[in-house]
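This is protein33.tsv. It holds TSV, C-alpha atoms.
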```tsv
chain	number	residue	atom	x	y	z
T	1	MET	CA	-69.95	-51.57	-45.91
T	2	VAL	CA	-72.59	-52.80	-48.30
T	3	ASP	CA	-73.78	-56.36	-48.34
T	4	GLU	CA	-73.02	-58.68	-51.22
T	5	ALA	CA	-76.70	-59.58	-51.53
T	6	SER	CA	-77.37	-56.21	-53.19
T	7	PRO	CA	-78.05	-56.37	-56.92
T	8	TRP	CA	-76.25	-53.01	-57.38
T	9	PRO	CA	-72.54	-52.16	-57.42
T	10	GLY	CA	-71.24	-51.42	-53.92
T	11	GLU	CA	-70.10	-47.90	-54.71
T	12	TRP	CA	-73.55	-46.95	-55.99
T	13	MET	CA	-75.14	-48.25	-52.80
T	14	ARG	CA	-72.62	-46.40	-50.63
T	15	GLY	CA	-73.49	-43.20	-52.45
T	16	VAL	CA	-77.25	-43.44	-52.21
T	17	LEU	CA	-78.11	-45.63	-49.20
T	18	THR	CA	-78.05	-42.87	-46.58
T	19	LEU	CA	-80.49	-40.77	-48.57
T	20	CYS	CA	-82.73	-43.80	-49.22
T	21	VAL	CA	-82.78	-44.67	-45.51
T	22	LEU	CA	-83.78	-41.07	-44.75
T	23	ALA	CA	-86.53	-41.33	-47.41
T	24	VAL	CA	-87.90	-44.52	-45.80
T	25	VAL	CA	-87.86	-42.93	-42.33
T	26	ASP	CA	-89.63	-39.89	-43.81
T	27	GLU	CA	-92.53	-42.15	-44.91
T	28	GLY	CA	-93.50	-42.46	-41.23
T	29	ARG	CA	-92.33	-43.65	-37.82
T	30	THR	CA	-90.54	-46.94	-38.39
T	31	TYR	CA	-87.86	-49.27	-36.97
T	32	GLY	CA	-84.72	-51.08	-38.16
T	33	TYR	CA	-86.14	-54.32	-39.48
T	34	ALA	CA	-89.01	-52.55	-41.27
T	35	ILE	CA	-86.56	-50.11	-42.89
T	36	ALA	CA	-84.48	-53.03	-44.24
T	37	ALA	CA	-87.67	-54.71	-45.52
T	38	ARG	CA	-88.78	-51.49	-47.24
T	39	LEU	CA	-85.39	-51.07	-48.94
T	40	ALA	CA	-85.53	-54.68	-50.16
T	41	GLU	CA	-89.10	-54.15	-51.40
T	42	ALA	CA	-87.92	-51.07	-53.30
T	43	GLY	CA	-85.45	-53.32	-55.14
T	44	LEU	CA	-82.27	-52.12	-53.45
T	45	GLY	CA	-81.35	-55.58	-52.13
T	46	THR	CA	-80.71	-56.90	-48.64
T	47	VAL	CA	-79.24	-54.36	-46.23
T	48	LYS	CA	-77.84	-56.00	-43.11
T	49	GLY	CA	-78.13	-54.61	-39.59
T	50	GLY	CA	-74.39	-53.95	-39.53
T	51	THR	CA	-74.80	-51.52	-42.43
T	52	LEU	CA	-78.17	-50.04	-41.50
T	53	TYR	CA	-77.73	-49.06	-37.84
T	54	PRO	CA	-74.50	-47.08	-38.31
T	55	ILE	CA	-76.29	-45.10	-41.08
T	56	LEU	CA	-79.24	-44.44	-38.76
T	57	GLY	CA	-76.76	-43.46	-36.03
T	58	ARG	CA	-75.12	-40.97	-38.35
T	59	LEU	CA	-78.47	-39.50	-39.42
T	60	GLU	CA	-79.43	-39.14	-35.77
T	61	GLN	CA	-76.10	-37.57	-34.89
T	62	ASP	CA	-76.62	-35.05	-37.70
T	63	GLY	CA	-80.08	-34.22	-36.33
T	64	LEU	CA	-81.89	-35.53	-39.43
T	65	VAL	CA	-83.76	-38.30	-37.62
T	66	ALA	CA	-84.86	-38.73	-33.98
T	67	SER	CA	-85.24	-42.05	-32.18
T	68	THR	CA	-87.24	-43.41	-29.26
T	69	TRP	CA	-87.40	-46.85	-27.68
T	70	GLY	CA	-90.82	-48.41	-27.55
T	71	ALA	CA	-92.43	-51.79	-27.01
T	72	GLY	CA	-92.19	-54.27	-29.88
T	73	GLU	CA	-94.65	-57.03	-30.66
T	74	SER	CA	-92.35	-59.39	-28.81
T	75	GLY	CA	-88.87	-59.44	-27.37
T	76	PRO	CA	-86.72	-56.65	-26.01
T	77	GLY	CA	-88.39	-53.56	-27.56
T	78	ARG	CA	-87.92	-51.61	-30.75
T	79	LYS	CA	-86.01	-48.49	-31.58
T	80	PHE	CA	-88.32	-46.23	-33.59
T	81	PHE	CA	-87.05	-43.58	-35.97
T	82	GLU	CA	-88.74	-40.43	-37.26
T	83	ALA	CA	-87.54	-37.70	-39.61
T	84	THR	CA	-86.98	-34.31	-37.97
T	85	PRO	CA	-87.99	-31.06	-39.73
T	86	LEU	CA	-84.29	-30.61	-40.57
T	87	GLY	CA	-84.25	-34.14	-41.99
T	88	ARG	CA	-87.24	-33.45	-44.23
T	89	GLU	CA	-85.64	-30.25	-45.46
T	90	HIS	CA	-82.36	-32.08	-46.16
T	91	LEU	CA	-84.22	-34.88	-47.98
T	92	ALA	CA	-86.13	-32.44	-50.20
T	93	GLU	CA	-82.97	-30.53	-51.06
T	94	ARG	CA	-80.93	-33.68	-51.78
T	95	THR	CA	-83.76	-35.27	-53.78
T	96	ALA	CA	-83.95	-32.22	-56.06
T	97	ARG	CA	-80.18	-32.30	-56.54
T	98	TRP	CA	-80.31	-36.08	-57.07
T	99	ASP	CA	-82.64	-35.58	-60.05
T	100	ASP	CA	-80.21	-33.10	-61.55
T	101	PHE	CA	-77.30	-35.49	-60.87
T	102	VAL	CA	-79.06	-38.47	-62.51
T	103	ASP	CA	-80.03	-36.32	-65.53
T	104	ARG	CA	-76.46	-35.20	-66.07
T	105	ALA	CA	-74.88	-38.62	-65.49
T	106	GLY	CA	-77.59	-40.25	-67.61
T	107	SER	CA	-77.21	-37.89	-70.52
T	108	LEU	CA	-73.45	-38.41	-70.47
T	109	LEU	CA	-73.83	-42.22	-70.39
T	110	HIS	CA	-76.46	-42.26	-73.15
T	111	HIS	CA	-74.53	-39.79	-75.22
T	112	SER	CA	-71.31	-41.85	-75.11
T	113	THR	CA	-73.03	-45.18	-75.87
T	114	ALA	CA	-75.01	-43.57	-78.71
T	115	ALA	CA	-71.96	-41.78	-80.02
T	116	GLN	CA	-69.63	-44.78	-80.21
T	117	PRO	CA	-71.03	-46.57	-83.32
T	118	ARG	CA	-71.31	-43.25	-85.14
T	119	THR	CA	-67.64	-42.46	-84.46
T	120	ARG	CA	-66.63	-45.79	-85.95
T	121	HIS	CA	-68.74	-45.06	-89.01
T	122	ASP	CA	-67.09	-41.68	-89.41
T	123	VAL	CA	-63.63	-43.22	-89.30
T	124	SER	CA	-64.31	-45.98	-91.83
I	125	MET	CA	-89.94	-66.39	-36.23
I	126	THR	CA	-87.06	-68.37	-34.83
I	127	SER	CA	-85.35	-66.73	-31.92
I	128	PRO	CA	-81.57	-66.67	-32.08
I	129	ASP	CA	-79.55	-68.70	-29.64
I	130	ARG	CA	-79.52	-66.82	-26.31
I	131	THR	CA	-75.90	-67.66	-25.54
I	132	ALA	CA	-74.82	-66.55	-29.06
I	133	VAL	CA	-76.48	-63.16	-28.44
I	134	ASP	CA	-75.02	-62.79	-24.94
I	135	SER	CA	-71.55	-63.72	-26.10
I	136	TYR	CA	-71.81	-61.29	-29.03
I	137	ARG	CA	-72.97	-58.52	-26.67
I	138	GLU	CA	-70.04	-59.14	-24.33
I	139	ARG	CA	-67.46	-59.13	-27.11
I	140	LEU	CA	-69.00	-56.03	-28.70
I	141	LEU	CA	-69.10	-54.21	-25.34
I	142	LEU	CA	-65.40	-54.91	-24.83
I	143	ALA	CA	-64.50	-53.91	-28.41
I	144	LEU	CA	-66.41	-50.60	-28.08
I	145	ARG	CA	-64.86	-49.87	-24.67
I	146	MET	CA	-61.40	-50.47	-26.15
I	147	ARG	CA	-62.22	-47.97	-28.92
I	148	ASP	CA	-63.20	-45.38	-26.30
I	149	VAL	CA	-66.82	-45.09	-27.43
I	150	PRO	CA	-68.88	-43.16	-24.82
I	151	GLY	CA	-70.88	-45.37	-22.43
I	152	ASP	CA	-74.32	-44.10	-23.46
I	153	ARG	CA	-73.56	-44.76	-27.13
I	154	ILE	CA	-72.38	-48.31	-26.28
I	155	GLY	CA	-75.69	-48.89	-24.49
I	156	GLU	CA	-77.60	-47.82	-27.62
I	157	VAL	CA	-75.54	-50.02	-29.94
I	158	LEU	CA	-75.92	-53.11	-27.73
I	159	ALA	CA	-79.68	-52.58	-27.43
I	160	GLU	CA	-80.00	-52.13	-31.23
I	161	VAL	CA	-78.21	-55.42	-31.85
I	162	GLU	CA	-80.30	-57.27	-29.30
I	163	ALA	CA	-83.61	-55.85	-30.53
I	164	HIS	CA	-82.73	-56.46	-34.20
I	165	VAL	CA	-81.76	-60.13	-33.85
I	166	ALA	CA	-84.75	-60.76	-31.58
I	167	GLU	CA	-86.95	-59.39	-34.39
I	168	THR	CA	-85.29	-61.11	-37.34
I	169	GLY	CA	-84.09	-64.33	-35.70
I	170	GLU	CA	-80.72	-63.82	-37.38
I	171	ASP	CA	-77.43	-64.84	-35.85
I	172	PRO	CA	-75.76	-61.62	-34.58
I	173	VAL	CA	-72.53	-62.33	-36.52
I	174	ASP	CA	-74.52	-62.81	-39.76
I	175	ALA	CA	-76.45	-59.58	-39.24
I	176	PHE	CA	-73.71	-57.31	-37.86
I	177	GLY	CA	-70.41	-58.99	-38.73
I	178	PRO	CA	-67.69	-59.94	-36.23
I	179	PRO	CA	-67.86	-57.76	-33.07
I	180	ARG	CA	-64.52	-56.05	-33.60
I	181	ARG	CA	-65.33	-55.13	-37.19
I	182	TYR	CA	-68.76	-53.84	-36.21
I	183	ALA	CA	-67.14	-51.79	-33.44
I	184	ASP	CA	-64.85	-50.26	-36.09
I	185	GLN	CA	-67.89	-49.33	-38.19
I	186	VAL	CA	-69.62	-47.74	-35.19
I	187	VAL	CA	-66.48	-45.69	-34.48
I	188	GLU	CA	-66.10	-44.72	-38.13
I	189	VAL	CA	-69.64	-43.32	-38.19
I	190	SER	CA	-69.86	-41.64	-34.80
I	191	GLY	CA	-66.35	-40.20	-34.81
I	192	ARG	CA	-63.78	-41.38	-32.33
I	193	ARG	CA	-63.63	-39.62	-29.02
I	194	GLY	CA	-59.91	-38.84	-28.58
I	195	ARG	CA	-57.72	-41.53	-27.07
I	196	TRP	CA	-57.21	-40.79	-23.40
I	197	HIS	CA	-54.72	-38.04	-22.93
I	198	LEU	CA	-52.88	-36.51	-19.98
I	199	ASP	CA	-54.19	-33.06	-19.14
I	200	ARG	CA	-52.62	-30.98	-16.38
I	201	GLY	CA	-55.42	-31.73	-13.91
I	202	THR	CA	-54.87	-35.48	-14.25
I	203	VAL	CA	-51.10	-35.14	-13.76
I	204	VAL	CA	-51.46	-32.86	-10.72
I	205	SER	CA	-54.12	-35.00	-9.03
I	206	SER	CA	-52.16	-38.23	-9.72
I	207	LEU	CA	-49.00	-36.73	-8.20
I	208	LEU	CA	-50.96	-35.43	-5.22
I	209	ILE	CA	-52.51	-38.85	-4.67
I	210	ALA	CA	-49.09	-40.53	-4.91
I	211	VAL	CA	-47.41	-38.11	-2.44
I	212	VAL	CA	-50.27	-38.18	0.08
I	213	SER	CA	-50.55	-41.99	-0.21
I	214	PHE	CA	-46.84	-42.30	0.50
I	215	ALA	CA	-47.05	-39.96	3.50
I	216	ALA	CA	-50.14	-41.72	4.83
I	217	THR	CA	-48.57	-45.17	4.50
I	218	SER	CA	-45.24	-44.09	6.03
I	219	LEU	CA	-46.88	-42.33	9.01
I	220	THR	CA	-49.32	-45.19	9.65
I	221	MET	CA	-46.57	-47.82	9.43
I	222	GLY	CA	-44.16	-45.83	11.63
I	223	GLY	CA	-46.89	-44.99	14.14
I	224	ALA	CA	-48.24	-48.55	14.30
I	225	VAL	CA	-44.77	-49.99	14.80
I	226	GLY	CA	-44.12	-47.39	17.53
I	227	VAL	CA	-47.45	-47.96	19.33
I	228	LEU	CA	-47.22	-51.75	19.20
I	229	GLY	CA	-43.49	-51.74	19.99
I	230	ASP	CA	-41.61	-49.56	22.42
I	231	GLY	CA	-43.84	-46.49	22.18
I	232	ASP	CA	-40.82	-44.33	21.43
I	233	PRO	CA	-41.23	-41.39	19.09
I	234	GLY	CA	-40.12	-42.24	15.57
I	235	PRO	CA	-37.55	-40.35	13.47
I	236	LEU	CA	-39.98	-37.43	13.12
I	237	GLY	CA	-39.81	-36.83	16.87
I	238	ILE	CA	-43.58	-36.83	17.38
I	239	PRO	CA	-45.33	-39.33	19.69
I	240	ALA	CA	-46.13	-42.66	17.98
I	241	GLY	CA	-49.86	-42.33	18.76
I	242	VAL	CA	-50.04	-38.91	17.08
I	243	GLU	CA	-48.06	-40.24	14.11
I	244	LEU	CA	-50.49	-43.16	13.74
I	245	ALA	CA	-53.56	-40.90	14.03
I	246	LEU	CA	-52.11	-38.48	11.46
I	247	GLY	CA	-51.32	-41.37	9.09
I	248	LEU	CA	-54.81	-42.84	9.38
I	249	ALA	CA	-56.41	-39.41	8.84
I	250	LEU	CA	-54.35	-38.89	5.68
I	251	ALA	CA	-55.18	-42.44	4.53
I	252	ALA	CA	-58.91	-41.78	5.01
I	253	ALA	CA	-58.59	-38.55	3.01
I	254	VAL	CA	-56.72	-40.17	0.12
I	255	LEU	CA	-59.10	-43.17	0.02
I	256	THR	CA	-62.13	-40.85	-0.13
I	257	GLY	CA	-60.39	-38.88	-2.87
I	258	LEU	CA	-59.61	-42.04	-4.86
I	259	VAL	CA	-63.16	-43.34	-4.61
I	260	ARG	CA	-64.57	-39.96	-5.73
I	261	TYR	CA	-62.04	-39.87	-8.56
I	262	THR	CA	-63.01	-43.32	-9.88
I	263	ARG	CA	-66.71	-42.34	-9.67
I	264	ARG	CA	-66.05	-39.23	-11.74
I	265	MET	CA	-64.00	-41.11	-14.35
I	266	ASP	CA	-66.77	-43.69	-14.55
I	267	ASP	CA	-68.67	-43.66	-17.86
I	268	PRO	CA	-71.42	-46.21	-17.36
I	269	VAL	CA	-72.99	-48.25	-20.14
I	270	VAL	CA	-76.73	-47.75	-19.69
I	271	ASP	CA	-79.39	-49.80	-21.45
I	272	PRO	CA	-81.64	-47.12	-23.07
I	273	ARG	CA	-84.70	-49.35	-22.70
I	274	SER	CA	-84.53	-49.92	-18.95
I	275	GLY	CA	-82.14	-47.22	-17.70
I	276	GLN	CA	-80.18	-50.03	-16.00
I	277	ARG	CA	-76.40	-50.09	-16.00
I	278	VAL	CA	-74.89	-52.91	-18.03
I	279	GLY	CA	-71.94	-55.07	-16.97
I	280	ASP	CA	-70.56	-52.85	-14.22
I	281	LEU	CA	-68.70	-53.52	-11.01
I	282	PRO	CA	-70.86	-53.06	-7.88
I	283	ALA	CA	-70.32	-49.69	-6.13
I	284	TRP	CA	-68.61	-51.27	-3.09
I	285	VAL	CA	-65.71	-52.68	-5.14
I	286	PRO	CA	-63.41	-49.61	-5.46
I	287	PRO	CA	-63.51	-48.58	-1.74
I	288	THR	CA	-62.97	-52.21	-0.68
I	289	VAL	CA	-60.03	-52.68	-3.04
I	290	PHE	CA	-58.33	-49.41	-1.97
I	291	THR	CA	-58.87	-50.06	1.76
I	292	GLY	CA	-57.71	-53.67	1.40
I	293	LEU	CA	-54.50	-52.64	-0.39
I	294	PHE	CA	-53.71	-50.02	2.25
I	295	ALA	CA	-54.39	-52.44	5.13
I	296	ALA	CA	-52.23	-55.10	3.45
I	297	VAL	CA	-49.25	-52.71	3.19
I	298	VAL	CA	-49.55	-51.70	6.87
I	299	VAL	CA	-49.91	-55.32	8.03
I	300	LEU	CA	-46.92	-56.31	5.91
I	301	ALA	CA	-44.84	-53.52	7.53
I	302	LEU	CA	-45.82	-54.72	11.02
I	303	VAL	CA	-44.90	-58.31	10.13
I	304	VAL	CA	-41.54	-57.25	8.68
I	305	ASP	CA	-40.85	-55.09	11.77
I	306	HIS	CA	-41.78	-57.97	14.09
I	307	LEU	CA	-39.56	-60.44	12.23
I	308	THR	CA	-36.55	-58.12	12.06
I	309	SER	CA	-36.60	-56.80	15.65
```

Written form, structure tokens:
Amino acid sequence: MVDEASPWPGEWMRGVLTLCVLAVVDEGRTYGYAIAARLAEAGLGTVKGGTLYPILGRLEQDGLVASTWGAGESGPGRKFFEATPLGREHLAERTARWDDFVDRAGSLLHHSTAAQPRTRHDVS
Amino acid sequence: MTSPDRTAVDSYRERLLLALRMRDVPGDRIGEVLAEVEAHVAETGEDPVDAFGPPRRYADQVVEVSGRRGRWHLDRGTVVSSLLIAVVSFAATSLTMGGAVGVLGDGDPGPLGIPAGVELALGLALAAAVLTGLVRYTRRMDDPVVDPRSGQRVGDLPAWVPPTVFTGLFAAVVVLALVVDHLTS
């Protein structure tokens, strides 16, 4: 589930959020609230706890991130997340494929928008 | 940073715990999820429902991600041990009731032809065995919710509850039999 506060279409966010969360965790040991803040700062919109923690749970279950409980500045502690070597490998591989994906989708989108006026010209 | 209403957080935790239990999520995973919610709202000051959605819907999301552990099913071990418990419980109750009635009444041997005192002792021995078995069984089936931060169990019955309940039920049946015997003789 992706929150309505995101400036991007829900299906785009669903497709890319897991990888982006892994990328944020890969930047260094971090925790839930800081991950959400980093995603917002990157321009991906507000990601609520109800969306974020299940993603982190899945990443942990798949062995891509590891978690530990530690003391927070206040209150009942923080759950810290770190990328595992497997997680870093997965991120590098998916990032490379992501570039290829965006290139292909982008060239198709640009091609069709550029091609449309020309087609009309050809017909008239 | 405003701290969320304590009672709102506690009530959310309780409802989420129940919703996750009903979806058969393992106890250690429930402990993690509850601690995540509590830590997150303490940090952000958000209302838990705003941050995580209604408890039952959030429980669905947790299940969707972590994969449902199969609904409880009957394997052969469960069927055999349940039948064994039922048969031995019945024998224990019958022998204890018959023996107690015989000892407190005329002292005559019951229909089995063994002395009432022996019948009572046999019944109580079987009852002790089945009660021990039941208590062990409930301990083994137990899947505690443990807070990952403190290692403490969350929202559990104290350990003395199952033995007390089983013993109390057994004693109630025997007392009832004695009362019925006394009233009808």

At a cut-off of 6 Å, using all atoms listed in the file, what residues contact stretch 28-34 of chain T? Leave out same-chain residues fewer than 4 positions from it and give the result as an NGL selection string. :T and (79-82)

Provide the atom CA of I:Ala252 to atom CA of I:Phe290 distance in Å, to one decimal place.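 Computed distance, atom CA of I:Ala252 to atom CA of I:Phe290, equals 10.4 Å.
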
Per-axis box centre and lengths in Å around stretch 204-220 of chain I, 4 Å margin per side, axis-aligned, as JSON:
```
{"center_x": -49.7, "center_y": -39.0, "center_z": -0.5, "size_x": 16.9, "size_y": 20.3, "size_z": 28.4}
```

Specify as a ChimeraX atom specification all residues of chain I found within 10 Å of chain T, counting only C-alpha atoms. /I:127,153,156-157,159-168,170,172-179,181-183,185-191,272-274

Which residues come within 9 Å of T:Gly63, counting only C-alpha atoms, excluding same-chain residues fewer than 6 positions away, as a PDB file with C-alpha atoms, in the frame of the given file?
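Listed below is the output, selection-v6.pdb:
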```pdb
ATOM      1  CA  ALA T  83     -87.540 -37.700 -39.610  1.00  0.00           C
ATOM      2  CA  THR T  84     -86.980 -34.310 -37.970  1.00  0.00           C
ATOM      3  CA  LEU T  86     -84.290 -30.610 -40.570  1.00  0.00           C
ATOM      4  CA  GLY T  87     -84.250 -34.140 -41.990  1.00  0.00           C
TER       5      GLY T  87
END
```

If you count all atoms listed in the file, the residue of I:Pro268, I:Pro282, I:Gly229, I:Gly292 closest to I:Ile154 turns out to be I:Pro268

For atom CA of I:Val303 and atom CA of I:Val227, the interatomic separation in Å (one decimal):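 Computing it gives 14.1 Å between the two atoms.
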
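Near T:His90, within a cut-off of 10 Å and counting all atoms listed in the file, sit the residues T:Leu19, T:Leu22, T:Leu64, T:Thr84, T:Pro85, T:Thr95, with same-chain residues fewer than 5 positions away left out.
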